[in-house]
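Undergrad: What follows is the file protein11.pdb, containing PDB, C-alpha atoms and all ligand atoms:
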ATOM      1  CA  MET A  29     108.599  32.117  -6.628
ATOM      2  CA  ILE A  30     109.732  29.981  -9.569
ATOM      3  CA  LEU A  31     108.375  26.486  -9.741
ATOM      4  CA  PHE A  32     108.926  23.839 -12.402
ATOM      5  CA  ASP A  33     107.057  20.600 -11.932
ATOM      6  CA  SER A  34     108.092  17.732 -14.229
ATOM      7  CA  VAL A  35     108.688  19.992 -17.202
ATOM      8  CA  THR A  36     109.622  18.322 -20.474
ATOM      9  CA  LYS A  37     110.349  19.972 -23.803
ATOM     10  CA  VAL A  38     111.428  18.407 -27.074
ATOM     11  CA  TYR A  39     112.064  20.906 -29.874
ATOM     12  CA  PRO A  40     110.517  19.950 -33.194
ATOM     13  CA  GLY A  41     113.036  17.916 -35.153
ATOM     14  CA  ASP A  42     115.112  17.008 -32.069
ATOM     15  CA  LYS A  43     115.282  13.452 -30.777
ATOM     16  CA  GLU A  44     116.483  14.231 -27.302
ATOM     17  CA  PRO A  45     114.502  16.484 -25.003
ATOM     18  CA  ALA A  46     115.996  19.895 -24.254
ATOM     19  CA  LEU A  47     114.320  19.619 -20.853
ATOM     20  CA  ASP A  48     113.633  16.195 -19.457
ATOM     21  CA  ASP A  49     111.274  15.983 -16.491
ATOM     22  CA  VAL A  50     112.722  19.038 -14.785
ATOM     23  CA  SER A  51     111.452  19.936 -11.334
ATOM     24  CA  LEU A  52     112.887  22.970  -9.605
ATOM     25  CA  HIS A  53     111.708  25.236  -6.848
ATOM     26  CA  ILE A  54     113.341  28.613  -6.317
ATOM     27  CA  GLU A  55     112.301  30.505  -3.219
ATOM     28  CA  PRO A  56     111.866  34.272  -2.980
ATOM     29  CA  ASN A  57     115.157  36.154  -2.606
ATOM     30  CA  GLU A  58     117.315  33.214  -3.641
ATOM     31  CA  PHE A  59     120.359  33.697  -5.852
ATOM     32  CA  VAL A  60     120.657  30.620  -8.030
ATOM     33  CA  PHE A  61     123.346  29.769 -10.547
ATOM     34  CA  LEU A  62     122.296  27.439 -13.311
ATOM     35  CA  VAL A  63     125.345  25.721 -14.760
ATOM     36  CA  GLY A  64     125.927  23.034 -17.327
ATOM     37  CA  LYS A  65     127.750  22.452 -20.573
ATOM     38  CA  SER A  66     126.568  23.954 -23.820
ATOM     39  CA  GLY A  67     123.404  22.191 -24.911
ATOM     40  CA  ALA A  68     122.484  21.120 -21.374
ATOM     41  CA  GLY A  69     119.166  22.977 -21.521
ATOM     42  CA  LYS A  70     119.903  26.118 -19.504
ATOM     43  CA  SER A  71     118.617  28.623 -22.055
ATOM     44  CA  THR A  72     115.562  26.500 -22.718
ATOM     45  CA  LEU A  73     114.749  26.598 -19.011
ATOM     46  CA  MET A  74     115.108  30.396 -19.066
ATOM     47  CA  LYS A  75     112.907  30.651 -22.140
ATOM     48  CA  MET A  76     110.233  28.695 -20.330
ATOM     49  CA  ILE A  77     110.207  31.366 -17.642
ATOM     50  CA  THR A  78     109.781  34.166 -20.179
ATOM     51  CA  LYS A  79     107.273  32.049 -22.102
ATOM     52  CA  GLU A  80     109.346  32.257 -25.273
ATOM     53  CA  GLU A  81     108.992  28.493 -25.313
ATOM     54  CA  ILE A  82     106.266  26.384 -23.829
ATOM     55  CA  PRO A  83     106.641  22.943 -22.311
ATOM     56  CA  ASP A  84     105.256  19.790 -23.892
ATOM     57  CA  SER A  85     104.271  18.664 -20.427
ATOM     58  CA  GLY A  86     104.617  19.790 -16.851
ATOM     59  CA  LYS A  87     103.729  22.922 -14.983
ATOM     60  CA  ILE A  88     105.506  26.237 -14.503
ATOM     61  CA  ILE A  89     104.512  28.847 -11.957
ATOM     62  CA  VAL A  90     106.379  32.139 -11.800
ATOM     63  CA  GLY A  91     105.705  34.696  -9.087
ATOM     64  CA  GLY A  92     102.386  33.040  -8.385
ATOM     65  CA  ILE A  93     101.351  32.996 -12.034
ATOM     66  CA  ASP A  94     100.535  29.675 -13.624
ATOM     67  CA  LEU A  95     102.018  30.120 -17.098
ATOM     68  CA  ASP A  96      99.451  27.779 -18.639
ATOM     69  CA  TYR A  97      96.946  30.547 -18.123
ATOM     70  CA  VAL A  98      98.990  33.409 -19.534
ATOM     71  CA  LYS A  99      97.335  33.849 -22.899
ATOM     72  CA  LYS A 100      99.283  35.000 -25.907
ATOM     73  CA  ARG A 101      97.983  38.539 -25.703
ATOM     74  CA  HIS A 102      99.097  38.785 -22.080
ATOM     75  CA  ILE A 103     102.649  37.581 -22.674
ATOM     76  CA  PRO A 104     104.184  41.056 -23.256
ATOM     77  CA  GLY A 105     102.608  42.334 -20.038
ATOM     78  CA  TYR A 106     103.782  39.260 -18.172
ATOM     79  CA  ARG A 107     107.343  39.683 -19.483
ATOM     80  CA  ARG A 108     107.456  43.307 -18.474
ATOM     81  CA  ARG A 109     107.056  42.159 -14.886
ATOM     82  CA  LEU A 110     110.207  40.068 -15.065
ATOM     83  CA  GLY A 111     113.711  41.401 -15.283
ATOM     84  CA  VAL A 112     115.558  39.742 -18.140
ATOM     85  CA  VAL A 113     119.226  40.217 -18.996
ATOM     86  CA  PHE A 114     120.912  38.691 -22.026
ATOM     87  CA  GLN A 115     124.483  37.984 -22.956
ATOM     88  CA  ASP A 116     124.330  40.345 -25.935
ATOM     89  CA  PHE A 117     122.757  43.176 -23.879
ATOM     90  CA  LYS A 118     119.997  43.940 -26.425
ATOM     91  CA  LEU A 119     120.220  47.709 -26.045
ATOM     92  CA  LEU A 120     118.534  50.114 -28.423
ATOM     93  CA  PRO A 121     121.485  51.414 -30.487
ATOM     94  CA  ARG A 122     119.985  54.767 -31.426
ATOM     95  CA  ARG A 123     119.032  55.697 -27.901
ATOM     96  CA  THR A 124     121.236  57.024 -25.161
ATOM     97  CA  VAL A 125     121.871  55.220 -21.894
ATOM     98  CA  TYR A 126     119.225  57.401 -20.253
ATOM     99  CA  GLU A 127     116.730  56.768 -23.054
ATOM    100  CA  ASN A 128     117.295  53.008 -23.007
ATOM    101  CA  VAL A 129     116.215  52.903 -19.387
ATOM    102  CA  ALA A 130     113.476  55.507 -19.815
ATOM    103  CA  PHE A 131     112.021  53.642 -22.772
ATOM    104  CA  ALA A 132     111.568  50.479 -20.737
ATOM    105  CA  LEU A 133     109.616  52.461 -18.160
ATOM    106  CA  GLU A 134     107.603  54.262 -20.803
ATOM    107  CA  ILE A 135     106.341  51.022 -22.318
ATOM    108  CA  ALA A 136     105.520  49.818 -18.833
ATOM    109  CA  GLY A 137     103.167  52.791 -18.591
ATOM    110  CA  MET A 138     105.082  54.969 -16.146
ATOM    111  CA  SER A 139     104.346  58.682 -16.266
ATOM    112  CA  GLY A 140     106.930  61.179 -17.534
ATOM    113  CA  ARG A 141     107.439  62.535 -14.041
ATOM    114  CA  GLU A 142     108.007  59.117 -12.529
ATOM    115  CA  ILE A 143     110.427  58.266 -15.317
ATOM    116  CA  ARG A 144     112.424  61.460 -14.747
ATOM    117  CA  ASN A 145     112.522  60.591 -11.079
ATOM    118  CA  THR A 146     113.419  56.929 -11.498
ATOM    119  CA  VAL A 147     116.018  56.833 -14.279
ATOM    120  CA  PRO A 148     118.755  58.796 -12.449
ATOM    121  CA  LYS A 149     118.310  56.624  -9.369
ATOM    122  CA  VAL A 150     118.670  53.434 -11.338
ATOM    123  CA  LEU A 151     121.676  54.774 -13.257
ATOM    124  CA  GLU A 152     123.196  55.702  -9.924
ATOM    125  CA  LEU A 153     122.675  52.136  -8.738
ATOM    126  CA  VAL A 154     124.638  50.758 -11.673
ATOM    127  CA  ASP A 155     127.191  53.576 -11.440
ATOM    128  CA  LEU A 156     126.463  55.039 -14.853
ATOM    129  CA  LEU A 157     124.991  58.402 -14.034
ATOM    130  CA  ASP A 158     127.927  60.134 -15.702
ATOM    131  CA  GLN A 159     127.421  58.125 -18.906
ATOM    132  CA  ALA A 160     123.725  58.911 -19.276
ATOM    133  CA  ARG A 161     124.085  60.832 -22.546
ATOM    134  CA  LYS A 162     126.243  58.295 -24.317
ATOM    135  CA  PHE A 163     125.029  55.879 -26.955
ATOM    136  CA  PRO A 164     125.624  52.122 -26.596
ATOM    137  CA  ASP A 165     128.452  52.107 -29.149
ATOM    138  CA  GLN A 166     130.338  54.584 -26.961
ATOM    139  CA  LEU A 167     130.342  52.199 -24.006
ATOM    140  CA  SER A 168     132.459  49.237 -22.931
ATOM    141  CA  GLY A 169     130.910  45.774 -22.742
ATOM    142  CA  GLY A 170     130.623  45.976 -18.976
ATOM    143  CA  GLN A 171     128.941  49.376 -19.192
ATOM    144  CA  MET A 172     126.508  48.081 -21.799
ATOM    145  CA  GLN A 173     125.601  45.191 -19.545
ATOM    146  CA  ARG A 174     125.102  47.607 -16.663
ATOM    147  CA  VAL A 175     122.681  49.627 -18.805
ATOM    148  CA  ALA A 176     120.829  46.415 -19.622
ATOM    149  CA  ILE A 177     120.665  45.556 -15.939
ATOM    150  CA  ALA A 178     119.515  49.084 -15.077
ATOM    151  CA  ARG A 179     116.782  48.772 -17.664
ATOM    152  CA  SER A 180     115.639  45.437 -16.331
ATOM    153  CA  VAL A 181     115.593  46.430 -12.656
ATOM    154  CA  ALA A 182     114.072  49.880 -13.179
ATOM    155  CA  ARG A 183     110.610  48.366 -12.978
ATOM    156  CA  GLN A 184     111.597  46.603  -9.783
ATOM    157  CA  PRO A 185     110.911  43.060 -10.787
ATOM    158  CA  LYS A 186     110.713  40.463  -8.064
ATOM    159  CA  ILE A 187     112.540  38.091 -10.350
ATOM    160  CA  LEU A 188     115.589  38.779 -12.498
ATOM    161  CA  ILE A 189     116.825  36.133 -14.885
ATOM    162  CA  ALA A 190     120.110  36.462 -16.710
ATOM    163  CA  ASP A 191     121.260  34.031 -19.387
ATOM    164  CA  GLU A 192     125.069  34.084 -19.540
ATOM    165  CA  PRO A 193     125.231  37.786 -18.618
ATOM    166  CA  THR A 194     129.018  37.750 -18.439
ATOM    167  CA  ALA A 195     129.758  35.574 -21.465
ATOM    168  CA  ASN A 196     131.127  38.485 -23.493
ATOM    169  CA  LEU A 197     132.991  40.213 -20.704
ATOM    170  CA  ASP A 198     136.527  40.053 -19.376
ATOM    171  CA  LYS A 199     137.385  38.798 -15.915
ATOM    172  CA  LEU A 200     137.355  42.125 -14.094
ATOM    173  CA  THR A 201     134.156  43.314 -15.705
ATOM    174  CA  THR A 202     132.544  39.968 -14.987
ATOM    175  CA  ALA A 203     133.313  40.431 -11.298
ATOM    176  CA  GLU A 204     131.713  43.911 -11.392
ATOM    177  CA  ILE A 205     128.575  42.601 -13.035
ATOM    178  CA  ILE A 206     128.276  39.761 -10.550
ATOM    179  CA  ASP A 207     128.730  42.238  -7.686
ATOM    180  CA  LEU A 208     125.933  44.288  -9.127
ATOM    181  CA  LEU A 209     123.669  41.257  -9.450
ATOM    182  CA  LYS A 210     124.474  40.373  -5.862
ATOM    183  CA  LYS A 211     123.535  43.889  -4.778
ATOM    184  CA  ILE A 212     120.233  43.573  -6.607
ATOM    185  CA  ASN A 213     119.647  40.230  -4.908
ATOM    186  CA  ASP A 214     120.401  41.858  -1.537
ATOM    187  CA  PHE A 215     117.641  44.364  -2.242
ATOM    188  CA  GLY A 216     115.197  41.459  -2.335
ATOM    189  CA  THR A 217     115.085  40.357  -5.981
ATOM    190  CA  THR A 218     115.201  36.652  -6.777
ATOM    191  CA  LEU A 219     117.979  35.887  -9.225
ATOM    192  CA  LEU A 220     118.492  33.038 -11.630
ATOM    193  CA  VAL A 221     121.746  33.313 -13.553
ATOM    194  CA  THR A 222     123.209  30.874 -16.056
ATOM    195  CA  THR A 223     126.948  30.843 -16.447
ATOM    196  CA  HIS A 224     129.987  28.931 -17.566
ATOM    197  CA  ASN A 225     132.230  30.856 -15.246
ATOM    198  CA  GLU A 226     133.564  28.544 -12.603
ATOM    199  CA  ASN A 227     135.275  31.278 -10.587
ATOM    200  CA  ILE A 228     132.238  33.394  -9.988
ATOM    201  CA  VAL A 229     130.142  30.391  -9.049
ATOM    202  CA  ASN A 230     132.730  29.163  -6.566
ATOM    203  CA  ASN A 231     133.376  32.609  -5.101
ATOM    204  CA  LEU A 232     129.790  33.477  -4.456
ATOM    205  CA  GLN A 233     128.846  30.316  -2.533
ATOM    206  CA  LYS A 234     125.224  30.475  -3.556
ATOM    207  CA  ARG A 235     122.835  27.761  -4.663
ATOM    208  CA  VAL A 236     124.134  25.954  -7.740
ATOM    209  CA  VAL A 237     121.852  23.885  -9.969
ATOM    210  CA  THR A 238     123.643  21.760 -12.546
ATOM    211  CA  MET A 239     122.033  20.559 -15.755
ATOM    212  CA  LYS A 240     123.130  17.790 -18.077
ATOM    213  CA  GLY A 241     121.267  16.449 -21.074
ATOM    214  CA  GLY A 242     118.100  18.359 -20.183
ATOM    215  CA  LYS A 243     118.044  17.092 -16.607
ATOM    216  CA  ILE A 244     118.920  18.628 -13.294
ATOM    217  CA  VAL A 245     121.708  16.378 -12.087
ATOM    218  CA  ASP A 246     122.805  18.303  -9.032
ATOM    219  CA  ASP A 247     121.336  20.947  -6.767
ATOM    220  CA  GLN A 248     123.609  22.344  -4.083
ATOM    221  CA  LYS A 249     121.449  24.500  -1.891
ATOM    222  CA  ASN A 250     124.177  26.405  -0.042
ATOM    223  CA  GLY A 251     127.768  27.198  -0.772
ATOM    224  CA  GLY A 252     127.485  25.494  -4.113
ATOM    225  CA  ILE A 253     130.472  24.941  -6.335
ATOM    226  CA  TYR A 254     130.865  24.337 -10.027
ATOM    227  CA  LYS A 255     131.309  20.660 -10.785
ATOM    228  CA  LEU A 256     130.332  19.652 -14.250
ATOM    229  CA  ASP A 257     132.559  16.776 -15.032
ATOM    230  CA  GLU A 258     131.993  14.473 -12.148
ATOM    231  CA  ALA A 259     129.749  11.540 -12.780
ATOM    232  CA  GLN A 260     126.716  12.569 -10.859
ATOM    233  CA  ALA A 261     123.817  10.313 -10.284
ATOM    234  CA  PRO A 262     120.651  12.156 -11.192
ATOM    235  CA  GLN A 263     118.738  13.012  -8.084
ATOM    236  CA  LYS A 264     115.163  11.958  -7.952
ATOM    237  CA  PRO A 265     113.428  15.290  -8.241
ATOM    238  CA  GLN A 266     111.080  16.100  -5.463
ATOM    239  CA  ARG A 267     107.627  16.270  -6.850
ATOM    240  CA  ILE A 268     106.014  19.518  -6.033
ATOM    241  CA  ILE A 269     102.317  19.451  -5.733
ATOM    242  CA  GLN A 270     100.708  22.788  -6.201
ATOM    243  CA  THR A 271      97.017  23.204  -5.991
ATOM    244  CA  PRO A 272      95.749  25.416  -8.767
ATOM    245  CA  GLY A 273      95.172  28.866  -7.467
ATOM    246  CA  HIS A 274      97.500  28.433  -4.508
ATOM    247  CA  ALA A 275      99.609  31.523  -3.948
ATOM    248  CA  LEU A 276      98.285  33.071  -7.094
ATOM    249  CA  LYS A 277      97.428  36.308  -5.395
ATOM    250  CA  GLN A 278     101.062  37.248  -5.109
ATOM    251  CA  ASP A 279     102.190  39.887  -7.461
ATOM    252  CA  ILE A 280     105.370  39.522  -9.455
ATOM    253  CA  VAL A 281     106.367  43.087  -8.811
ATOM    254  CA  ALA A 282     108.908  43.469  -6.045
ATOM    255  CA  ARG A 283     109.327  45.499  -3.000
ATOM    256  CA  PRO A 284     110.990  48.643  -4.193
ATOM    257  CA  ILE A 285     114.715  48.645  -4.415
ATOM    258  CA  GLN A 286     115.846  51.325  -2.021
ATOM    259  CA  ILE A 287     117.949  53.641  -4.092
ATOM    260  CA  THR A 288     119.052  57.053  -2.991
ATOM    261  CA  VAL A 289     120.781  59.515  -5.246
ATOM    262  CA  ALA A 290     122.532  61.458  -2.508
ATOM    263  CA  PRO A 291     122.469  61.430   1.276
ATOM    264  CA  THR A 292     119.346  63.139   2.436
ATOM    265  CA  THR A 293     117.642  63.788   5.738
ATOM    266  CA  LYS A 294     114.536  62.052   4.474
ATOM    267  CA  PRO A 295     114.324  58.264   4.502
ATOM    268  CA  ALA A 296     115.379  56.615   1.252
ATOM    269  CA  ALA A 297     112.561  57.043  -1.174
ATOM    270  CA  PRO A 298     111.433  53.961  -3.015
ATOM    271  CA  VAL A 299     111.800  54.081  -6.768
ATOM    272  CA  ALA A 300     108.105  53.692  -7.199
ATOM    273  CA  LYS A 301     105.875  56.495  -6.192
ATOM    274  CA  PRO A 302     103.919  55.410  -3.144
ATOM    275  CA  THR A 303     100.263  55.304  -3.917
ATOM    276  CA  ALA A 304      99.033  55.368  -0.335
ATOM    277  CA  LYS A 305      97.931  58.530   1.430
ATOM    278  CA  PRO A 306     100.692  60.145   3.474
ATOM    279  CA  THR A 307      98.984  59.224   6.729
ATOM    280  CA  ALA A 308      98.616  55.582   5.833
ATOM    281  CA  PRO A 309     101.169  53.246   7.378
ATOM    282  CA  ALA A 310     103.792  52.034   4.954
ATOM    283  CA  SER A 311     102.535  48.822   3.507
ATOM    284  CA  LYS A 312     103.900  46.482   0.907
ATOM    285  CA  ALA A 313     101.072  47.336  -1.443
ATOM    286  CA  SER A 314     101.535  51.055  -1.056
ATOM    287  CA  SER A 315     105.081  50.976  -2.334
ATOM    288  CA  LYS A 316     104.514  48.851  -5.359
ATOM    289  CA  PRO A 317     104.993  50.304  -8.758
ATOM    290  CA  LYS A 318     101.967  51.042 -10.776
ATOM    291  CA  VAL A 319     100.384  48.199 -12.597
ATOM    292  CA  SER A 320      97.572  48.562 -15.039
ATOM    293  CA  SER A 321      94.178  48.978 -13.517
ATOM    294  CA  THR A 322      93.063  45.674 -14.999
ATOM    295  CA  ALA A 323      95.979  43.889 -13.451
ATOM    296  CA  LYS A 324      95.224  45.553 -10.130
ATOM    297  CA  GLN A 325      91.603  44.516 -10.201
ATOM    298  CA  LYS A 326      92.489  40.967 -10.987
ATOM    299  CA  THR A 327      95.118  40.617  -8.296
ATOM    300  CA  LYS A 328      92.612  41.787  -5.711
ATOM    301  CA  LYS A 329      90.146  39.036  -6.480
ATOM    302  CA  THR A 330      90.104  35.731  -4.729
ATOM    303  CA  PRO A 331      92.735  33.397  -6.098
ATOM    304  CA  LYS A 332      92.330  32.791  -9.760
ATOM    305  CA  ARG A 333      94.445  30.920 -12.135
ATOM    306  CA  ARG A 334      95.093  33.823 -14.401
ATOM    307  CA  ILE A 335      95.979  37.072 -12.777
ATOM    308  CA  ILE A 336      97.200  39.156 -15.658
TER     309      ILE A 336
HETATM  310  P1  LIG B   1     122.257  25.566 -23.174
HETATM  311  O1  LIG B   1     121.674  26.925 -22.986
HETATM  312  O2  LIG B   1     122.513  24.845 -21.895
HETATM  313  O3  LIG B   1     123.479  25.607 -24.028
HETATM  314  P2  LIG B   1     119.920  25.070 -24.811
HETATM  315  O4  LIG B   1     118.747  25.182 -23.923
HETATM  316  O5  LIG B   1     120.230  26.191 -25.701
HETATM  317  O6  LIG B   1     121.199  24.658 -23.938
HETATM  318  O7  LIG B   1     119.753  23.775 -25.716
HETATM  319  C1  LIG B   1     119.331  22.527 -25.201
HETATM  320  C2  LIG B   1     119.155  21.567 -26.368
HETATM  321  O8  LIG B   1     118.059  21.990 -27.136
HETATM  322  C3  LIG B   1     120.341  21.470 -27.292
HETATM  323  O9  LIG B   1     120.460  20.151 -27.706
HETATM  324  C4  LIG B   1     119.971  22.366 -28.429
HETATM  325  O10 LIG B   1     120.538  21.935 -29.639
HETATM  326  C5  LIG B   1     118.465  22.204 -28.480
HETATM  327  N1  LIG B   1     117.788  23.418 -28.948
HETATM  328  C6  LIG B   1     117.819  24.629 -28.384
HETATM  329  N2  LIG B   1     117.064  25.508 -29.057
HETATM  330  C7  LIG B   1     116.537  24.820 -30.100
HETATM  331  C8  LIG B   1     115.659  25.171 -31.178
HETATM  332  N3  LIG B   1     115.162  26.404 -31.290
HETATM  333  N4  LIG B   1     115.332  24.207 -32.066
HETATM  334  C9  LIG B   1     115.801  22.950 -31.934
HETATM  335  N5  LIG B   1     116.623  22.561 -30.942
HETATM  336  C10 LIG B   1     117.007  23.475 -30.038
HETATM  337 MG    MG B   2     122.407  28.824 -23.510
END
Output the file's structure in the form of structure tokens.
TA:
Amino acid sequence: MILFDSVTKVYPGDKEPALDDVSLHIEPNEFVFLVGKSGAGKSTLMKMITKEEIPDSGKIIVGGIDLDYVKKRHIPGYRRRLGVVFQDFKLLPRRTVYENVAFALEIAGMSGREIRNTVPKVLELVDLLDQARKFPDQLSGGQMQRVAIARSVARQPKILIADEPTANLDKLTTAEIIDLLKKINDFGTTLLVTTHNENIVNNLQKRVVTMKGGKIVDDQKNGGIYKLDEAQAPQKPQRIIQTPGHALKQDIVARPIQITVAPTTKPAAPVAKPTAKPTAPASKASSKPKVSSTAKQKTKKTPKRRII
């Protein structure tokens, strides 16, 4: 799902690498906390995933896409397939809660009807349906972060990355946001979350990857706890050998998150409009959100390095 193989990055002007031979493999549906002191390299690792930064050496594969082959002009399309949440929310200040979510779907090419159908369901998921007409400056920090999360999951990404999503929130609100992220993970989205918050890491008992000086110094696969200050011998990273083209047919777009607005006699409708004929058996492909026709064509082909 997310694969780093010996990734190194030195920012221009820096002596020490921000990422130093980092290898990391995150499986589908994992919930991973990335912890480490300020300057450890957490945000740089996240920026590698969004292709805001590129490595000096090493390989990164995200959702089956080898990032070496995502050309500049394809980066916006690639990013739209990821869910990204930031510590400062990055909402559009002149748009309402509803419009912030709708706008994200609009630029992803969703039709007006689909948007009108999807936005209320996603706002329901984050418990903000009753705030839909408010503007960001009329919301609390926790509510703003929930809008940002709604916006990022509305397109049903398979992968959601969040860089310090609770950094600006109080304790109670932090717990709410983490609960929400956990819910999203339970729906089948892979999560990578950086944090300084020891309590949430220890309470959740998920995988915890610790960084120090650009290196991964600890990787607790299950029931991980936050332990920054212990002297930890760097583990020899397992080298992951990935043949080019392997697994590249996978799409980044997730199984739909099952969201229902109200109890109904019908089965929970996926957020995305199924594209299959009514008689066709439910298949993974039939419930995927729309992707551009070019993207569709390319994913159908035999494995290729570049699929978007
Ligand atoms: P973290 O998110 O864990 O606090 P960062 O990834 O932001 O760490 O930073 C890792 C290292 O890279 C730090 O030493 C930081 O000073 C450096 N760094 C980060 N961004 C830049 C940049 N744009 N230019 C130069 N150095 C940077
Ligand atoms: Mg950071």
Undergrad: So, with only C-alpha atoms as the atoms that count, which of A:Glu226, A:Asn231, A:Val63, A:Val98 lies closest to Asp207 in chain A?
TA: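 Among the listed residues, the smallest separation from Asp207 in chain A belongs to A:Asn231.
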Undergrad: Residues up to 7 Å from ligand LIG 1 (chain B), counting all atoms listed in the file: could you list those as JSON, numbers by chain?
TA: {"A": [39, 40, 41, 42, 45, 46, 64, 65, 66, 67, 68, 69, 70, 71, 72, 73, 242]}
Undergrad: Taking all atoms listed in the file into account, name the residue in A:Ile88, A:Ala130, A:Leu208, A:Val221 that is nearest to ligand MG 2 (chain B).
TA: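 For ligand MG 2 (chain B), the nearest of the given residues is A:Val221.
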Undergrad: Using all atoms listed in the file, pick whichever of A:Phe114, A:Phe215, A:Tyr106, A:Phe59 has the shortest atom-to-atom distance to ligand MG 2 (chain B).
TA: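 Closest to ligand MG 2 (chain B), using all atoms listed in the file: A:Phe114.
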Undergrad: Given only C-alpha atoms and all ligand atoms as the basis, pick out the residue of A:Pro193, A:Pro185, A:Pro104, A:Pro164 nearest to ligand MG 2 (chain B).
TA: A:Pro193
Undergrad: List every residue of range 165-257 of chain A that has an atom at most 10 Å from any atom of range 137-154 of chain A, giving for each one its closest atom pair and the distance in Å to one decimal, counting all atoms listed in the file, sorted by chain and then by ascending residue number, as a tab-separated table.
TA:
residue	atom	partner	partner_atom	distance
A:Gln171	CA	A:Val154	CA	8.8
A:Gln173	CA	A:Val154	CA	9.7
A:Arg174	CA	A:Val154	CA	5.9
A:Val175	CA	A:Val154	CA	7.5
A:Ala176	CA	A:Val154	CA	9.8
A:Ile177	CA	A:Val154	CA	7.8
A:Ala178	CA	A:Val150	CA	5.8
A:Arg179	CA	A:Val150	CA	8.1
A:Ser180	CA	A:Val150	CA	9.9
A:Val181	CA	A:Val150	CA	7.8
A:Ala182	CA	A:Val150	CA	6.1
A:Arg183	CA	A:Thr146	CA	9.1
A:Gln184	CA	A:Val150	CA	10.0
A:Glu204	CA	A:Val154	CA	9.8
A:Ile205	CA	A:Val154	CA	9.2
A:Leu208	CA	A:Val154	CA	7.1
A:Leu209	CA	A:Val154	CA	9.8
A:Lys211	CA	A:Leu153	CA	9.2
A:Ile212	CA	A:Leu153	CA	9.2
Undergrad: Would you export the selected residues with C-alpha atoms as a PDB file, in the coordinates of the input, please?
TA:
ATOM      1  CA  GLN A 171     128.941  49.376 -19.192  1.00  0.00           C
ATOM      2  CA  GLN A 173     125.601  45.191 -19.545  1.00  0.00           C
ATOM      3  CA  ARG A 174     125.102  47.607 -16.663  1.00  0.00           C
ATOM      4  CA  VAL A 175     122.681  49.627 -18.805  1.00  0.00           C
ATOM      5  CA  ALA A 176     120.829  46.415 -19.622  1.00  0.00           C
ATOM      6  CA  ILE A 177     120.665  45.556 -15.939  1.00  0.00           C
ATOM      7  CA  ALA A 178     119.515  49.084 -15.077  1.00  0.00           C
ATOM      8  CA  ARG A 179     116.782  48.772 -17.664  1.00  0.00           C
ATOM      9  CA  SER A 180     115.639  45.437 -16.331  1.00  0.00           C
ATOM     10  CA  VAL A 181     115.593  46.430 -12.656  1.00  0.00           C
ATOM     11  CA  ALA A 182     114.072  49.880 -13.179  1.00  0.00           C
ATOM     12  CA  ARG A 183     110.610  48.366 -12.978  1.00  0.00           C
ATOM     13  CA  GLN A 184     111.597  46.603  -9.783  1.00  0.00           C
ATOM     14  CA  GLU A 204     131.713  43.911 -11.392  1.00  0.00           C
ATOM     15  CA  ILE A 205     128.575  42.601 -13.035  1.00  0.00           C
ATOM     16  CA  LEU A 208     125.933  44.288  -9.127  1.00  0.00           C
ATOM     17  CA  LEU A 209     123.669  41.257  -9.450  1.00  0.00           C
ATOM     18  CA  LYS A 211     123.535  43.889  -4.778  1.00  0.00           C
ATOM     19  CA  ILE A 212     120.233  43.573  -6.607  1.00  0.00           C
TER      20      ILE A 212
END
Undergrad: Written as JSON, numbers by chain, which residues does the PyMOL selection byres (((chain A and resi 84) around 10) and not hetatm) give for the file shown?
TA: {"A": [35, 36, 37, 38, 39, 45, 47, 81, 82, 83, 85, 86, 87]}
Undergrad: Hey, which of A:Lys75, A:His102, A:Lys234, A:Lys43 ends up closest to ligand MG 2 (chain B)? Count all atoms listed in the file.
TA: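 The closest residue to ligand MG 2 (chain B) is A:Lys75.
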Undergrad: May I ask for the distance between CA of Asp49 in chain A and CA of Asp33 in chain A, given in Å to one decimal place?
TA: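 The value is 7.7 Å.
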Undergrad: Using all atoms listed in the file, which residue out of A:Thr238, A:Val125, A:Gln115, A:Asp247 lies closest to ligand MG 2 (chain B)?
TA: A:Gln115
Undergrad: Residues near Ala203 in chain A, anyone? I mean within 9 Å using all atoms listed in the file, not counting same-chain ones fewer than 5 positions away, as a list in words.
TA: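 The filter keeps Thr194, Asp198, Leu208 and Ile228 of chain A.
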Undergrad: Name the residues captured by the PyMOL selection byres (((chain A and resi 60) around 8) and not hetatm) when it is applied to the shown file; answer as a ChimeraX atom specification.
TA: /A:54,58-59,61-62,219-221,234-237
Undergrad: Just how far from CA of Thr201 in chain A is CA of Asn213 in chain A, in Å to one decimal?
TA: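 Those two atoms sit 18.3 Å apart.
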Undergrad: How many Å separate CA of Glu127 in chain A from CA of Asp155 in chain A?
TA: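 Between CA of Glu127 in chain A and CA of Asp155 in chain A the gap works out to 16.0 Å.
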Undergrad: Should you be able to, write range 196-200 of chain A of this structure into a file that contains N, CA and C atoms, as a short mmCIF file (atom, residue, chain, number, x, y, z; two decimals), in the first residue's frame.
TA:
data_model
loop_
_atom_site.label_atom_id
_atom_site.label_comp_id
_atom_site.auth_asym_id
_atom_site.auth_seq_id
_atom_site.Cartn_x
_atom_site.Cartn_y
_atom_site.Cartn_z
N ASN A 196 -3.32 21.33 17.06
CA ASN A 196 -3.91 22.59 17.52
C ASN A 196 -5.21 22.38 18.30
N LEU A 197 -5.41 21.18 18.79
CA LEU A 197 -6.68 20.88 19.44
C LEU A 197 -6.50 20.52 20.91
N ASP A 198 -7.55 20.77 21.69
CA ASP A 198 -7.46 20.39 23.10
C ASP A 198 -7.65 18.89 23.26
N LYS A 199 -7.53 18.44 24.50
CA LYS A 199 -7.50 17.01 24.78
C LYS A 199 -8.77 16.28 24.32
N LEU A 200 -9.91 16.87 24.68
CA LEU A 200 -11.19 16.23 24.38
C LEU A 200 -11.41 16.16 22.87
#
